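Asker: Take a look at work-v3.cif, mmCIF, C-alpha atoms and all ligand atoms:
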data_work
loop_
_atom_site.label_atom_id
_atom_site.label_comp_id
_atom_site.auth_asym_id
_atom_site.auth_seq_id
_atom_site.Cartn_x
_atom_site.Cartn_y
_atom_site.Cartn_z
CA MET A 1 -9.94 -9.83 -15.01
CA SER A 2 -6.31 -10.91 -15.37
CA PHE A 3 -3.11 -8.88 -15.51
CA GLY A 4 -1.27 -12.03 -16.55
CA LYS A 5 1.73 -13.68 -14.95
CA MET A 6 3.27 -11.58 -12.21
CA PRO A 7 6.31 -11.92 -9.96
CA ILE A 8 6.45 -10.90 -6.27
CA ALA A 9 6.06 -7.09 -6.35
CA ASN A 10 8.90 -6.50 -3.89
CA GLY A 11 10.97 -9.43 -5.17
CA PHE A 12 13.97 -7.41 -6.36
CA LEU A 13 16.61 -9.83 -7.56
CA THR A 14 20.15 -10.35 -8.83
CA SER A 15 20.84 -11.71 -12.33
CA ASP A 16 21.67 -15.19 -10.99
CA GLN A 17 18.20 -15.40 -9.40
CA ILE A 18 16.31 -14.78 -12.66
CA GLN A 19 16.10 -18.45 -13.57
CA ASN A 20 14.18 -19.34 -10.41
CA GLU A 21 11.94 -16.31 -10.35
CA TYR A 22 8.46 -17.10 -9.01
CA PHE A 23 5.34 -16.08 -10.96
CA PHE A 24 1.62 -16.33 -10.24
CA GLU A 25 -1.46 -15.10 -12.05
CA LEU A 26 -2.56 -11.63 -10.92
CA ALA A 27 -6.30 -11.87 -11.32
CA PRO A 28 -8.68 -9.70 -9.29
CA ALA A 29 -12.39 -10.35 -8.98
CA PHE A 30 -15.39 -8.49 -7.62
CA CYS A 31 -18.11 -10.07 -5.47
CA SER A 32 -21.48 -8.46 -6.09
CA TYR A 33 -22.84 -10.07 -2.90
CA CYS A 34 -20.49 -8.55 -0.29
CA GLY A 35 -18.91 -5.81 -2.44
CA MET A 36 -15.35 -7.13 -1.99
CA PHE A 37 -12.73 -6.54 -4.69
CA GLN A 38 -9.94 -9.06 -4.19
CA LEU A 39 -7.31 -11.28 -5.76
CA ILE A 40 -8.30 -14.81 -6.61
CA GLU A 41 -4.83 -16.20 -6.03
CA GLN A 42 -2.17 -14.79 -3.71
CA PRO A 43 1.36 -16.13 -3.17
CA GLU A 44 1.93 -17.54 0.34
CA GLN A 45 2.75 -14.84 2.92
CA GLN A 46 6.29 -16.08 3.58
CA LYS A 47 7.18 -15.43 -0.07
CA MET A 48 6.35 -11.76 0.37
CA PHE A 49 7.19 -10.88 3.99
CA HIS A 50 10.53 -12.10 5.31
CA GLU A 51 13.99 -11.07 6.50
CA ASN A 52 14.74 -9.33 3.18
CA TYR A 53 11.52 -7.36 2.81
CA ALA A 54 12.28 -4.39 0.57
CA PHE A 55 9.74 -1.80 1.73
CA PHE A 56 10.92 0.52 4.51
CA SER A 57 8.08 2.86 5.45
CA SER A 58 10.26 5.75 6.57
CA THR A 59 11.77 6.41 3.10
CA SER A 60 9.04 9.01 2.58
CA ASN A 61 9.23 12.19 4.67
CA TYR A 62 5.63 12.87 3.80
CA MET A 63 4.51 9.53 5.23
CA GLN A 64 6.52 10.21 8.40
CA ALA A 65 4.57 13.45 8.83
CA HIS A 66 1.30 11.66 8.01
CA PHE A 67 1.82 9.02 10.71
CA LYS A 68 2.90 11.66 13.22
CA GLN A 69 -0.43 13.44 12.67
CA PHE A 70 -2.34 10.14 12.83
CA SER A 71 -0.64 9.28 16.15
CA GLU A 72 -1.26 12.72 17.62
CA MET A 73 -4.96 12.43 16.75
CA VAL A 74 -5.15 9.00 18.45
CA ILE A 75 -3.35 10.27 21.56
CA LYS A 76 -5.60 13.31 21.82
CA CYS A 77 -8.98 11.90 20.79
CA VAL A 78 -8.88 8.25 21.87
CA LEU A 79 -6.31 7.78 24.63
CA ALA A 80 -6.44 11.08 26.51
CA ASP A 81 -8.65 10.00 29.44
CA ARG A 82 -7.48 6.43 29.70
CA GLN A 83 -5.39 4.87 32.46
CA GLU A 84 -2.11 3.44 31.12
CA PRO A 85 -3.44 2.92 27.60
CA PHE A 86 -2.11 0.10 25.43
CA VAL A 87 -1.69 0.52 21.65
CA VAL A 88 -1.11 -2.34 19.23
CA GLU A 89 -0.11 -1.80 15.61
CA LEU A 90 -0.30 -4.53 12.98
CA GLY A 91 2.38 -4.30 10.27
CA SER A 92 4.41 -1.68 12.17
CA ASN A 93 7.34 -1.96 9.72
CA ASP A 94 10.32 0.23 10.75
CA GLY A 95 8.33 1.96 13.48
CA ILE A 96 7.13 4.92 11.43
CA MET A 97 3.90 5.16 13.49
CA LEU A 98 4.77 3.61 16.87
CA ARG A 99 7.81 5.83 17.43
CA ASN A 100 5.35 8.62 18.20
CA PHE A 101 3.70 6.53 20.94
CA LYS A 102 7.08 5.48 22.29
CA ASP A 103 8.18 9.11 22.42
CA ALA A 104 4.97 9.97 24.31
CA GLY A 105 5.72 7.21 26.84
CA ILE A 106 2.65 5.16 25.83
CA ARG A 107 2.60 1.37 26.24
CA HIS A 108 2.73 -0.11 22.74
CA LEU A 109 3.40 -3.27 20.78
CA GLY A 110 4.14 -3.63 17.06
CA ILE A 111 3.44 -6.84 15.16
CA GLU A 112 5.83 -7.02 12.23
CA PRO A 113 6.72 -10.36 10.59
CA SER A 114 9.40 -8.96 8.26
CA ILE A 115 12.40 -9.23 10.56
CA ASN A 116 14.71 -6.77 8.81
CA VAL A 117 12.28 -3.86 8.97
CA ALA A 118 11.18 -4.89 12.50
CA ASN A 119 14.82 -4.73 13.62
CA VAL A 120 15.02 -1.07 12.62
CA ALA A 121 12.08 -0.40 14.93
CA ARG A 122 13.56 -2.47 17.76
CA LEU A 123 16.85 -0.57 17.52
CA ALA A 124 14.84 2.62 18.03
CA GLY A 125 13.39 1.17 21.25
CA ILE A 126 9.98 0.24 19.83
CA LYS A 127 8.55 -2.99 21.25
CA THR A 128 8.01 -5.32 18.27
CA LEU A 129 7.04 -8.97 17.80
CA SER A 130 8.10 -10.58 14.52
CA GLU A 131 5.07 -12.74 13.81
CA PHE A 132 2.07 -12.79 11.50
CA PHE A 133 -0.99 -11.47 13.30
CA ASN A 134 -3.86 -13.94 13.56
CA VAL A 135 -6.39 -15.07 16.14
CA GLU A 136 -3.90 -17.28 18.05
CA LEU A 137 -1.41 -14.44 18.41
CA ALA A 138 -4.21 -12.13 19.54
CA ASP A 139 -4.99 -14.50 22.42
CA ARG A 140 -1.34 -14.64 23.42
CA ILE A 141 -1.01 -10.86 23.42
CA VAL A 142 -4.11 -10.55 25.62
CA GLY A 143 -2.66 -13.18 28.00
CA GLU A 144 0.66 -11.32 28.28
CA ASN A 145 -0.41 -7.66 28.07
CA GLY A 146 -4.17 -7.42 28.47
CA GLN A 147 -6.55 -5.98 25.87
CA ALA A 148 -5.72 -2.97 23.72
CA ASP A 149 -7.33 0.45 23.90
CA THR A 150 -6.71 0.90 20.23
CA ILE A 151 -5.45 -1.26 17.37
CA LEU A 152 -3.88 0.61 14.47
CA CYS A 153 -2.99 -0.65 11.07
CA ALA A 154 -1.93 1.17 7.90
CA ASN A 155 -1.50 -0.42 4.49
CA VAL A 156 -1.59 -3.85 6.11
CA MET A 157 -5.19 -5.02 6.51
CA CYS A 158 -5.52 -5.25 2.73
CA HIS A 159 -2.40 -7.48 2.70
CA ILE A 160 -3.74 -10.32 4.85
CA PRO A 161 -5.79 -12.97 3.05
CA ASP A 162 -7.41 -14.54 6.10
CA LEU A 163 -9.51 -11.50 6.96
CA ASN A 164 -11.81 -13.61 9.15
CA SER A 165 -8.97 -14.70 11.43
CA ILE A 166 -7.72 -11.11 11.63
CA ALA A 167 -11.16 -9.71 12.45
CA LYS A 168 -11.75 -12.42 15.06
CA GLY A 169 -8.32 -11.71 16.58
CA ILE A 170 -8.98 -7.97 16.66
CA LYS A 171 -12.35 -8.49 18.37
CA ARG A 172 -10.64 -10.49 21.13
CA LEU A 173 -7.68 -8.14 21.48
CA LEU A 174 -9.73 -4.94 21.61
CA LYS A 175 -11.24 -3.65 24.88
CA PRO A 176 -15.07 -3.41 24.77
CA ASP A 177 -14.67 0.38 24.58
CA GLY A 178 -11.64 0.21 22.28
CA MET A 179 -11.29 1.28 18.65
CA LEU A 180 -9.72 -0.23 15.57
CA MET A 181 -8.41 2.27 13.02
CA PHE A 182 -6.96 1.16 9.76
CA GLU A 183 -6.25 2.77 6.42
CA ASP A 184 -5.69 1.29 3.01
CA PRO A 185 -5.85 2.30 -0.67
CA TYR A 186 -9.50 3.02 -1.46
CA LEU A 187 -11.48 1.23 -4.15
CA GLY A 188 -13.37 4.41 -5.11
CA ASP A 189 -10.10 6.18 -5.91
CA MET A 190 -8.68 3.23 -7.82
CA ILE A 191 -11.76 3.03 -10.02
CA ALA A 192 -11.98 6.82 -10.51
CA LYS A 193 -8.27 7.16 -11.42
CA THR A 194 -7.75 3.82 -13.21
CA SER A 195 -4.84 3.34 -10.81
CA TYR A 196 -4.64 -0.36 -11.59
CA ASP A 197 -1.10 -0.47 -10.17
CA GLN A 198 -2.71 -0.66 -6.71
CA ILE A 199 -3.34 -4.27 -7.66
CA TYR A 200 -0.34 -6.49 -6.83
CA ASP A 201 0.41 -9.60 -4.80
CA GLU A 202 0.41 -7.89 -1.38
CA HIS A 203 -2.88 -6.08 -1.96
CA VAL A 204 -5.22 -9.02 -1.73
CA PHE A 205 -8.16 -6.67 -1.04
CA ILE A 206 -8.97 -3.19 -2.30
CA PHE A 207 -11.55 -2.10 0.27
CA SER A 208 -14.57 0.17 0.20
CA ALA A 209 -16.79 1.27 3.11
CA THR A 210 -19.36 -1.24 1.87
CA SER A 211 -17.02 -4.24 1.88
CA VAL A 212 -15.31 -3.30 5.17
CA SER A 213 -18.62 -2.81 6.92
CA TRP A 214 -19.86 -6.20 5.69
CA ALA A 215 -16.68 -8.16 6.45
CA PHE A 216 -16.20 -6.88 10.01
CA ALA A 217 -19.89 -7.06 10.92
CA GLN A 218 -19.51 -10.86 10.68
CA HIS A 219 -17.28 -10.58 13.76
CA GLY A 220 -19.25 -8.08 15.83
CA LEU A 221 -17.26 -5.01 14.75
CA GLU A 222 -19.13 -1.97 13.49
CA LEU A 223 -17.88 0.66 11.06
CA ILE A 224 -18.36 3.92 12.98
CA ASP A 225 -16.43 6.44 10.87
CA VAL A 226 -14.61 6.86 7.56
CA LEU A 227 -11.99 9.53 6.85
CA PRO A 228 -10.59 9.97 3.32
CA GLN A 229 -6.79 10.34 3.06
CA ILE A 230 -4.67 11.55 0.15
CA THR A 231 -1.85 9.10 0.94
CA HIS A 232 -0.86 6.28 -1.42
CA GLY A 233 -2.88 7.75 -4.27
CA GLY A 234 -6.16 7.91 -2.36
CA SER A 235 -6.80 5.94 0.82
CA MET A 236 -9.59 5.58 3.36
CA ARG A 237 -9.22 5.43 7.13
CA TYR A 238 -11.84 3.13 8.65
CA VAL A 239 -12.75 3.39 12.33
CA LEU A 240 -14.46 0.37 13.89
CA ALA A 241 -15.66 -0.53 17.37
CA PRO A 242 -17.50 -3.43 18.99
CA LYS A 243 -21.13 -3.29 17.85
CA ASN A 244 -23.33 -0.71 19.59
CA ALA A 245 -20.45 0.53 21.75
CA GLN A 246 -19.94 3.90 20.03
CA PRO A 247 -22.07 6.34 18.02
CA VAL A 248 -21.90 5.92 14.24
CA SER A 249 -20.89 9.01 12.27
CA SER A 250 -23.09 10.14 9.39
CA ASN A 251 -19.90 9.95 7.28
CA VAL A 252 -20.43 6.18 7.00
CA ASP A 253 -23.85 6.37 5.40
CA GLU A 254 -22.79 9.26 3.19
CA LEU A 255 -19.79 7.37 1.85
CA MET A 256 -21.84 4.24 1.21
CA GLN A 257 -24.33 6.30 -0.77
CA LYS A 258 -21.47 7.84 -2.73
CA GLU A 259 -20.18 4.35 -3.48
CA GLN A 260 -23.60 3.39 -4.84
CA LYS A 261 -23.63 6.52 -7.03
CA GLN A 262 -20.17 5.64 -8.31
CA GLY A 263 -21.52 2.19 -9.18
CA LEU A 264 -19.07 0.29 -6.97
CA HIS A 265 -21.77 -2.37 -6.45
CA LYS A 266 -22.21 -3.04 -10.18
CA THR A 267 -20.25 -5.50 -12.28
CA GLU A 268 -20.43 -3.10 -15.29
CA THR A 269 -18.18 -0.70 -13.37
CA TYR A 270 -15.46 -3.34 -13.29
CA ASP A 271 -15.92 -4.17 -16.98
CA GLN A 272 -15.33 -0.47 -17.72
CA PHE A 273 -12.33 -0.47 -15.40
CA ARG A 274 -10.80 -3.39 -17.30
CA HIS A 275 -11.35 -1.57 -20.57
CA LYS A 276 -9.68 1.59 -19.20
CA CYS A 277 -6.70 -0.46 -17.97
CA GLU A 278 -6.25 -1.89 -21.47
CA THR A 279 -6.40 1.59 -23.03
CA SER A 280 -3.89 2.90 -20.50
CA ARG A 281 -1.52 0.01 -21.23
CA THR A 282 -1.67 0.65 -24.99
CA SER A 283 -1.01 4.40 -24.56
CA LEU A 284 1.92 3.90 -22.21
CA ILE A 285 3.71 1.32 -24.31
CA GLU A 286 3.13 3.36 -27.49
CA LEU A 287 4.62 6.42 -25.82
CA LEU A 288 7.66 4.52 -24.53
CA ASP A 289 8.19 2.80 -27.90
CA SER A 290 8.13 6.14 -29.71
CA LEU A 291 10.61 7.70 -27.26
CA LYS A 292 12.89 4.71 -27.74
CA GLN A 293 12.73 5.13 -31.52
CA LYS A 294 13.64 8.80 -31.13
CA GLY A 295 16.60 7.80 -28.97
CA GLN A 296 15.33 9.67 -25.91
CA ARG A 297 16.58 8.55 -22.50
CA VAL A 298 13.84 7.54 -20.05
CA VAL A 299 14.55 6.79 -16.39
CA GLY A 300 12.03 5.53 -13.82
CA TYR A 301 11.49 7.31 -10.46
CA GLY A 302 10.72 5.04 -7.50
CA ALA A 303 10.98 1.26 -7.76
CA THR A 304 7.60 0.96 -6.07
CA SER A 305 5.72 -2.27 -5.46
CA LYS A 306 3.09 -0.84 -7.79
CA SER A 307 5.61 -0.50 -10.63
CA THR A 308 5.86 -4.29 -10.82
CA THR A 309 2.28 -4.46 -12.06
CA VAL A 310 2.84 -1.63 -14.56
CA ASN A 311 6.05 -3.06 -16.00
CA ASN A 312 4.82 -6.62 -16.32
CA TYR A 313 1.29 -5.81 -17.50
CA CYS A 314 2.52 -3.27 -20.10
CA ASP A 315 5.58 -5.32 -21.07
CA ILE A 316 8.01 -2.52 -20.21
CA GLY A 317 11.66 -3.53 -19.90
CA PRO A 318 15.24 -2.22 -19.87
CA GLU A 319 14.88 -1.42 -23.59
CA HIS A 320 12.42 1.32 -22.55
CA ILE A 321 13.67 2.35 -19.11
CA GLU A 322 17.42 2.77 -18.67
CA PHE A 323 17.18 2.30 -14.90
CA ILE A 324 14.90 3.12 -11.98
CA SER A 325 16.16 5.53 -9.33
CA ASP A 326 15.29 4.56 -5.76
CA THR A 327 16.57 5.73 -2.39
CA THR A 328 16.08 2.33 -0.66
CA PRO A 329 19.52 0.66 -0.27
CA ILE A 330 18.14 -2.93 -0.34
CA LYS A 331 16.66 -2.34 -3.84
CA GLN A 332 19.76 -0.68 -5.32
CA GLY A 333 22.06 -2.77 -7.52
CA LYS A 334 19.21 -5.25 -8.08
CA LEU A 335 16.82 -5.86 -10.97
CA THR A 336 13.10 -5.15 -10.81
CA PRO A 337 10.80 -8.18 -10.51
CA GLY A 338 9.86 -9.72 -13.86
CA ALA A 339 10.92 -6.77 -16.04
CA HIS A 340 14.56 -6.86 -14.86
CA ILE A 341 15.18 -3.13 -15.11
CA PRO A 342 18.27 -2.13 -13.06
CA VAL A 343 17.58 -0.19 -9.85
CA LYS A 344 20.16 2.50 -9.11
CA PRO A 345 20.73 4.94 -6.27
CA TYR A 346 19.25 8.40 -6.57
CA GLU A 347 22.71 9.82 -7.38
CA ALA A 348 22.63 8.01 -10.76
CA PHE A 349 19.62 10.11 -11.74
CA LYS A 350 20.94 13.29 -10.15
CA HIS A 351 24.35 13.14 -11.84
CA ASN A 352 23.10 12.23 -15.31
CA PRO A 353 19.49 13.36 -15.69
CA PRO A 354 17.58 11.90 -18.65
CA GLU A 355 15.18 13.68 -21.01
CA TYR A 356 12.13 11.89 -19.52
CA VAL A 357 11.25 10.45 -16.12
CA LEU A 358 8.53 7.87 -15.73
CA LEU A 359 7.00 8.70 -12.34
CA TYR A 360 6.24 5.26 -10.95
CA ALA A 361 5.93 6.78 -7.44
CA TRP A 362 3.05 9.01 -8.60
CA ASN A 363 1.51 8.72 -5.13
CA HIS A 364 4.48 10.73 -3.78
CA ALA A 365 4.25 13.30 -6.62
CA VAL A 366 3.94 16.37 -4.36
CA GLU A 367 7.08 15.47 -2.40
CA ILE A 368 9.05 14.40 -5.48
CA LEU A 369 8.15 17.29 -7.80
CA GLU A 370 9.12 19.75 -5.07
CA LYS A 371 12.47 17.98 -4.65
CA GLU A 372 13.09 17.84 -8.41
CA LYS A 373 12.21 21.44 -9.29
CA ASN A 374 15.63 21.94 -10.90
CA PHE A 375 15.15 18.97 -13.21
CA THR A 376 11.78 20.33 -14.36
CA VAL A 377 13.01 23.92 -14.71
CA GLY A 378 15.98 22.62 -16.71
CA GLY A 379 13.59 21.16 -19.30
CA GLY A 380 13.18 17.64 -17.88
CA LYS A 381 9.87 15.99 -18.75
CA TRP A 382 7.72 13.73 -16.60
CA ILE A 383 5.53 10.84 -17.70
CA THR A 384 2.59 9.74 -15.60
CA PHE A 385 -0.07 7.08 -16.20
CA VAL A 386 -2.54 8.04 -13.46
CA PRO A 387 -5.28 9.04 -14.06
CA ARG A 388 -4.21 8.83 -17.73
CA VAL A 389 -0.99 8.52 -19.69
CA GLU A 390 0.49 11.96 -20.30
CA VAL A 391 3.70 13.95 -20.41
CA PHE A 392 3.95 17.04 -18.22
CA THR A 393 6.66 19.60 -17.67
N1 LIG B 401 2.32 0.25 8.17
C1 LIG B 401 3.44 0.52 7.30
C2 LIG B 401 3.91 -0.72 6.51
C3 LIG B 401 3.03 -1.16 5.38
S1 LIG B 401 3.78 -2.47 4.44
C4 LIG B 401 3.12 1.66 6.36
O1 LIG B 401 1.97 2.03 6.19
O2 LIG B 401 4.06 2.17 5.74
C5 LIG B 401 2.91 -3.88 5.03
C6 LIG B 401 3.55 -4.46 6.28
O3 LIG B 401 2.67 -5.46 6.80
C7 LIG B 401 4.87 -5.16 6.01
O4 LIG B 401 5.88 -4.59 6.81
C8 LIG B 401 4.58 -6.63 6.32
O5 LIG B 401 5.70 -7.32 6.84
C9 LIG B 401 3.43 -6.52 7.32
N2 LIG B 401 2.54 -7.71 7.40
C10 LIG B 401 2.19 -8.56 6.42
N3 LIG B 401 1.37 -9.54 6.88
C11 LIG B 401 1.17 -9.28 8.20
C12 LIG B 401 0.42 -9.92 9.25
N4 LIG B 401 -0.29 -11.04 9.05
N5 LIG B 401 0.47 -9.38 10.49
C13 LIG B 401 1.17 -8.25 10.73
N6 LIG B 401 1.91 -7.61 9.77
C14 LIG B 401 1.90 -8.10 8.53
P1 LIG B 402 5.57 3.32 -2.23
O1 LIG B 402 4.87 3.98 -3.35
O2 LIG B 402 5.18 1.89 -2.07
O3 LIG B 402 5.51 4.14 -0.97
O4 LIG B 402 7.12 3.22 -2.62
C1 LIG B 402 7.85 4.37 -2.93
C2 LIG B 402 9.22 3.97 -3.44
O5 LIG B 402 9.82 5.13 -4.05
C3 LIG B 402 10.19 3.51 -2.37
O6 LIG B 402 10.96 2.43 -2.87
C4 LIG B 402 11.08 4.71 -2.10
C5 LIG B 402 11.07 5.42 -3.42
N1 LIG B 402 11.21 6.86 -3.32
C6 LIG B 402 12.32 7.46 -3.87
O7 LIG B 402 13.19 6.80 -4.44
N2 LIG B 402 12.44 8.83 -3.76
C7 LIG B 402 11.49 9.59 -3.14
O8 LIG B 402 11.64 10.82 -3.07
C8 LIG B 402 10.32 8.94 -2.60
C9 LIG B 402 9.25 9.75 -1.92
C10 LIG B 402 10.23 7.58 -2.72
#
Transcribe the structure of this file into structure tokens.

Answerer:
Amino acid sequence: MSFGKMPIANGFLTSDQIQNEYFFELAPAFCSYCGMFQLIEQPEQQKMFHENYAFFSSTSNYMQAHFKQFSEMVIKCVLADRQEPFVVELGSNDGIMLRNFKDAGIRHLGIEPSINVANVARLAGIKTLSEFFNVELADRIVGENGQADTILCANVMCHIPDLNSIAKGIKRLLKPDGMLMFEDPYLGDMIAKTSYDQIYDEHVFIFSATSVSWAFAQHGLELIDVLPQITHGGSMRYVLAPKNAQPVSSNVDELMQKEQKQGLHKTETYDQFRHKCETSRTSLIELLDSLKQKGQRVVGYGATSKSTTVNNYCDIGPEHIEFISDTTPIKQGKLTPGAHIPVKPYEAFKHNPPEYVLLYAWNHAVEILEKEKNFTVGGGKWITFVPRVEVFT
């Protein structure tokens, strides 16, 4: 399946950079042997993660609360009886998770290659290395700090193409009685909701219990538990440990059976998914075209990474969306990747509300709709495209 030519999802740019904008073909594929759903081609990592990386994790209050809960669970259930435990997080960004370990006085290390976001964490006193995690780095960390009691990772594992090097590195870095916990957008949710915008350059894999279990088993790591999360539009937390070291929860088998029932192992499922994506695209562009003809103002909410897939796949541009409101300073005043819709600060939306808002950040709907009650009560209308294109008030 192909979504066509795509730019870097977080590659917000100025008008003088348009000429040199980089594009690649966004084409996912499904492997019926190992159950993996992944991109065929991914831009090189340095094009996506660098000193101007645009995604700062802490922009969402909800996600701050989520990672606080996650950390508290790890401290209570995994680290409680351990002597001077050591926690490593891969892709620690601005420190949204590790700040909880720092505050609890727990030895920690974040691995975060995007220097600008890593600097925010460092300023807050969180120990952070700005490098890409791989097997060589794992060996160095072990040499300097010893093995980790737990390795955490959220919305990162699915970003790293060389999964074998990562898994090998994790196996070496983890104590024999240690645990790896990572969470990522879940394939079952993406298929059920036709949330095709989960597919963009950074998300090289959309995992399921089946594919995670298979991939990590190659490196002696066993899937011992799975815990569904509502974050990022439907995610799964995977818990892994060295093989035979820990009991395996019945949740694992139950989820794998559910995946079979959902047909995640069948190619027909992905043919249907492609068809649903095409229908969704047609509905969304027809709706936006008709609003344009009626002279209605439409503004986007949240210049998310996911919105890059939606805009470029559906051919949505500034003629449809006046601007996208986003609270992240580094995105403001820039144009969105490929579609070149202006990104403006939240105040632009607040001071001159439009008739319609296209909710690109649908995964933060609870938080946003609560914040924008006045807009809705005042007659403002919302457009969503997940699980289907519709207007709600
Ligand atoms: N964990 C945060 C950040 C997710 S964004 C959250 O859930 O909000 C993905 C992060 O992974 C980015 O900050 C990116 O710089 C980082 N990253 C990408 N490749 C990596 C690698 N090989 N090793 C460690 N971090 C990586
Ligand atoms: P994400 O879906 O990848 O987490 O990105 C969410 C984007 O939406 C991020 O750029 C911040 C922005 N945002 C707002 O502008 N206002 C909000 O209230 C929220 C929750 C997010």

Asker: In Å, how far is it from atom CA of A:Lys171 to atom CA of A:Tyr238?

Answerer: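 Atom-to-atom, atom CA of A:Lys171 to atom CA of A:Tyr238, that is 15.2 Å.
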
Asker: Show me, as a list in words, the residues that have an atom within 10 Å of A:Ser235 when counting all atoms listed in the file, minus same-chain residues fewer than 3 positions from it.

Answerer: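 The contact residues come out as Ala154, Asn155, Glu183, Asp184, Pro185, Tyr186, Leu187, Gly188, Asp189, Met190, Ile206, Phe207, Ser208, Leu227, Pro228, Gln229, Ile230, Thr231, His232 and Tyr238 of chain A.
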
Asker: Would you list the residues that come within 9 Å of ligand LIG 402 (chain B)? Count all atoms listed in the file and give the answer as a PyMOL selection string.

Answerer: chain A and resi 54-63+232-233+301-307+324-328+331+345-346+360-369+371-372

Asker: Can you write out as a Markdown table which residues of chain A fall within 9 Å of ligand LIG 401 (chain B), alongside each residue's closest atom pair and its distance in Å to one decimal, counting only C-alpha atoms and all ligand atoms and ordering rows by chain and ascending residue number?

Answerer:
| residue | atom | partner | partner_atom | distance |
| --- | --- | --- | --- | --- |
| A:Gln45 | CA | B:LIG401 | N3 | 6.8 |
| A:Gln46 | CA | B:LIG401 | N3 | 8.8 |
| A:Met48 | CA | B:LIG401 | O5 | 7.9 |
| A:Phe49 | CA | B:LIG401 | O5 | 4.8 |
| A:His50 | CA | B:LIG401 | O5 | 7.0 |
| A:Tyr53 | CA | B:LIG401 | O5 | 7.1 |
| A:Ala54 | CA | B:LIG401 | O4 | 8.9 |
| A:Phe55 | CA | B:LIG401 | S1 | 6.6 |
| A:Phe56 | CA | B:LIG401 | O2 | 7.2 |
| A:Ser57 | CA | B:LIG401 | O2 | 4.1 |
| A:Ser58 | CA | B:LIG401 | O2 | 7.2 |
| A:Met63 | CA | B:LIG401 | O2 | 7.4 |
| A:Gln64 | CA | B:LIG401 | O2 | 8.8 |
| A:Phe67 | CA | B:LIG401 | O1 | 8.3 |
| A:Glu89 | CA | B:LIG401 | N1 | 8.1 |
| A:Leu90 | CA | B:LIG401 | C13 | 4.6 |
| A:Gly91 | CA | B:LIG401 | N6 | 3.4 |
| A:Ser92 | CA | B:LIG401 | N1 | 4.9 |
| A:Asn93 | CA | B:LIG401 | O4 | 4.2 |
| A:Asp94 | CA | B:LIG401 | O4 | 7.6 |
| A:Gly95 | CA | B:LIG401 | C1 | 8.0 |
| A:Ile96 | CA | B:LIG401 | O2 | 7.0 |
| A:Met97 | CA | B:LIG401 | N1 | 7.4 |
| A:Gly110 | CA | B:LIG401 | C13 | 8.4 |
| A:Ile111 | CA | B:LIG401 | C13 | 5.2 |
| A:Glu112 | CA | B:LIG401 | N6 | 4.7 |
| A:Pro113 | CA | B:LIG401 | O5 | 4.9 |
| A:Ser114 | CA | B:LIG401 | O5 | 4.3 |
| A:Ile115 | CA | B:LIG401 | O5 | 7.9 |
| A:Val117 | CA | B:LIG401 | O4 | 6.8 |
| A:Ala118 | CA | B:LIG401 | O4 | 7.8 |
| A:Ser130 | CA | B:LIG401 | C13 | 8.2 |
| A:Glu131 | CA | B:LIG401 | N5 | 6.6 |
| A:Phe132 | CA | B:LIG401 | N4 | 3.8 |
| A:Phe133 | CA | B:LIG401 | N5 | 3.8 |
| A:Asn134 | CA | B:LIG401 | N4 | 6.4 |
| A:Leu152 | CA | B:LIG401 | N1 | 8.8 |
| A:Cys153 | CA | B:LIG401 | N1 | 6.1 |
| A:Ala154 | CA | B:LIG401 | O1 | 4.3 |
| A:Asn155 | CA | B:LIG401 | O1 | 4.6 |
| A:Val156 | CA | B:LIG401 | O3 | 4.6 |
| A:Met157 | CA | B:LIG401 | C11 | 7.8 |
| A:Cys158 | CA | B:LIG401 | C5 | 8.8 |
| A:His159 | CA | B:LIG401 | N3 | 6.0 |
| A:Ile160 | CA | B:LIG401 | N4 | 5.5 |
| A:Pro161 | CA | B:LIG401 | N4 | 8.4 |
| A:Asp162 | CA | B:LIG401 | N4 | 8.5 |
| A:Ile166 | CA | B:LIG401 | N4 | 7.9 |
| A:Glu183 | CA | B:LIG401 | O1 | 8.3 |
| A:Asp184 | CA | B:LIG401 | O1 | 8.3 |
| A:Glu202 | CA | B:LIG401 | C5 | 8.0 |

Asker: With a distance cut-off of 10 Å and all atoms listed in the file, select the neighbouring residues of A:Ala104, excluding the residue or stretch itself and same-chain residues fewer than 5 positions from it, and output the selection as a compact mmCIF listing (two decimals) with C-alpha atoms, in the frame of the given file.

Answerer:
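Result went into selection-v5.txt, see below:
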# COMPACT_ATOMS: atom_id res chain seq x y z
CA SER A 71 -0.64 9.28 16.15
CA GLU A 72 -1.26 12.72 17.62
CA ILE A 75 -3.35 10.27 21.56
CA LEU A 98 4.77 3.61 16.87
CA ARG A 99 7.81 5.83 17.43

Asker: Near stretch 23-34 of chain A, within 6 Å and counting only C-alpha atoms, which residues show up once chain neighbours fewer than 3 positions away are dropped, as a list in words?

Answerer: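 Residues meeting the cut-off are Met1, Ser2, Phe3, Gly4, Lys5, Met6, Pro7, Phe37, Gln38, Leu39, Ile40 and Ser211 of chain A.
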
Asker: I need the residue nearest A:Lys243 from this list: A:Gly178, A:Gly169, A:Pro342, A:Gly317. Use only C-alpha atoms for the distance.

Answerer: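 Between A:Gly178, A:Gly169, A:Pro342, A:Gly317, the residue approaching A:Lys243 most closely is A:Gly178.
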
Asker: By how many Å are atom CA of A:Thr269 and atom CA of A:Arg281 apart?

Answerer: 18.4 Å

Asker: Give me, please, the distance in Å between atom CA of A:Leu287 and atom CA of A:Phe375, quoted to one decimal.

Answerer: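 Distance between the two atoms: 20.7 Å.
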